[in-house]
Amino acid sequence: MFLVQWELIDVGAHLEMPQMSSANPWLQAFEWVRKNTPQDAYFALDPQYLASPGEGFHSFRALAERSQLSDGIKDVAVVTQVPTLAAAWQQQQLAQAGWLHFQLADFEQLKQKFGVDWVLVDYPAAAGLACPWHNDALTACRIP
């Protein structure tokens, strides 16, 4: 089982401990968000971020301890268990369609419609966003 899991787990660390720093850019970003943004910050991320190369299916909500718009992978299971959330989930998914090509106006629409005030996006970010932090892969930005 060890060898199978070793092959299946992404290029990240196979043992993660809270006191150890991570080389995973996603975990670095989640840690920065947790330590440097207001507790009531509301984030948007690529709705498919969990399947991004190197992400390793780490949960933003759990590790960053911040709220986010719905994702298109894990939140599907929640909607199947709580059907009353389906309309809100679908509305958020539609608003995030085309995420990889979002520009400032698209992020401003998320802020206007849902109250999102921060985004975690690929580095470098779209022009016009206020981005106080980045690593080689990701950047955390405020929506003006």
# chains A, B, ... in the order shown; residues from 1 in each chain; ligands from 1
$ closest_atom_pairs --of "range 4-107 of chain A" --to "range 130-134 of chain A" --cutoff "12 Å" --atoms "only C-alpha atoms" --output "JSON lines"
{"residue": "A:Pro25", "atom": "CA", "partner": "A:His134", "partner_atom": "CA", "distance": 9.3}
{"residue": "A:Trp26", "atom": "CA", "partner": "A:His134", "partner_atom": "CA", "distance": 10.6}
{"residue": "A:Gln28", "atom": "CA", "partner": "A:His134", "partner_atom": "CA", "distance": 9.4}
{"residue": "A:Ala29", "atom": "CA", "partner": "A:His134", "partner_atom": "CA", "distance": 7.6}
{"residue": "A:Phe30", "atom": "CA", "partner": "A:His134", "partner_atom": "CA", "distance": 11.2}
{"residue": "A:Glu31", "atom": "CA", "partner": "A:Trp133", "partner_atom": "CA", "distance": 11.4}
{"residue": "A:Trp32", "atom": "CA", "partner": "A:Trp133", "partner_atom": "CA", "distance": 8.0}
{"residue": "A:Val33", "atom": "CA", "partner": "A:Trp133", "partner_atom": "CA", "distance": 9.1}
{"residue": "A:Lys35", "atom": "CA", "partner": "A:Trp133", "partner_atom": "CA", "distance": 11.7}
{"residue": "A:Asn36", "atom": "CA", "partner": "A:Trp133", "partner_atom": "CA", "distance": 9.5}
{"residue": "A:Thr37", "atom": "CA", "partner": "A:Pro132", "partner_atom": "CA", "distance": 10.2}
{"residue": "A:Leu104", "atom": "CA", "partner": "A:Ala130", "partner_atom": "CA", "distance": 10.4}
{"residue": "A:Phe107", "atom": "CA", "partner": "A:Ala130", "partner_atom": "CA", "distance": 11.8}
$ select_by_dssp --residues "chain A" --states "strand (DSSP E or B)" --output "PyMOL selection string"
chain A and resi 42-45+67-68+118-122+130-134+138-142
$ closest_atom_pairs --of "range 20-48 of chain A" --to "range 65-82 of chain A" --cutoff "6 Å" --atoms "only C-alpha atoms" --output "tab-separated table"
residue	atom	partner	partner_atom	distance
A:Arg34	CA	A:Glu65	CA	5.9
A:Tyr42	CA	A:Ser67	CA	5.1
A:Phe43	CA	A:Gln68	CA	4.4
A:Ala44	CA	A:Leu69	CA	5.3
A:Pro47	CA	A:Asp71	CA	4.2
A:Gln48	CA	A:Gly72	CA	5.6
$ select_by_dssp --residues "range 7-142 of chain A" --states "alpha helix (DSSP H)" --output "MDAnalysis selection string"
chainID A and resid 7:8 25:36 60:64 75:81 86:95 104:114
$ write_last_selection --atoms "C-alpha atoms" --output "tab-separated table (two decimals), in the first residue's frame"
chain	number	residue	atom	x	y	z
A	7	GLU	CA	3.05	6.82	-6.72
A	8	LEU	CA	-0.44	8.31	-6.47
A	25	PRO	CA	3.27	26.55	-3.31
A	26	TRP	CA	-0.41	25.91	-2.53
A	27	LEU	CA	0.29	25.18	1.13
A	28	GLN	CA	2.53	28.25	1.30
A	29	ALA	CA	-0.33	30.35	-0.09
A	30	PHE	CA	-2.89	28.89	2.31
A	31	GLU	CA	-0.57	29.59	5.25
A	32	TRP	CA	0.03	33.18	4.13
A	33	VAL	CA	-3.73	33.72	3.78
A	34	ARG	CA	-4.38	32.32	7.27
A	35	LYS	CA	-1.71	34.51	8.87
A	36	ASN	CA	-2.16	37.74	6.90
A	60	PHE	CA	-8.38	25.88	1.22
A	61	ARG	CA	-11.14	26.31	3.79
A	62	ALA	CA	-9.51	23.94	6.28
A	63	LEU	CA	-5.92	25.15	5.93
A	64	ALA	CA	-6.41	28.87	5.26
A	75	ASP	CA	-18.65	20.99	-3.02
A	76	VAL	CA	-20.57	18.87	-5.53
A	77	ALA	CA	-20.79	16.19	-2.82
A	78	VAL	CA	-22.19	18.73	-0.37
A	79	VAL	CA	-24.89	19.74	-2.83
A	80	THR	CA	-25.94	16.11	-3.31
A	81	GLN	CA	-26.40	15.80	0.46
A	86	ALA	CA	-27.86	23.58	-5.25
A	87	ALA	CA	-29.16	26.92	-6.55
A	88	ALA	CA	-26.49	28.97	-4.72
A	89	TRP	CA	-23.76	26.50	-5.76
A	90	GLN	CA	-24.83	26.65	-9.41
A	91	GLN	CA	-25.03	30.46	-9.36
A	92	GLN	CA	-21.49	30.66	-7.98
A	93	GLN	CA	-20.18	28.11	-10.47
A	94	LEU	CA	-21.68	30.03	-13.39
A	95	ALA	CA	-20.16	33.28	-12.09
A	104	LEU	CA	-10.16	42.83	-13.15
A	105	ALA	CA	-13.78	43.42	-14.28
A	106	ASP	CA	-14.61	39.73	-13.73
A	107	PHE	CA	-13.22	39.83	-10.19
A	108	GLU	CA	-15.11	43.06	-9.52
A	109	GLN	CA	-18.33	41.29	-10.56
A	110	LEU	CA	-17.64	38.53	-8.03
A	111	LYS	CA	-17.18	41.21	-5.38
A	112	GLN	CA	-20.39	43.00	-6.35
A	113	LYS	CA	-22.51	39.87	-6.64
A	114	PHE	CA	-21.15	37.73	-3.78
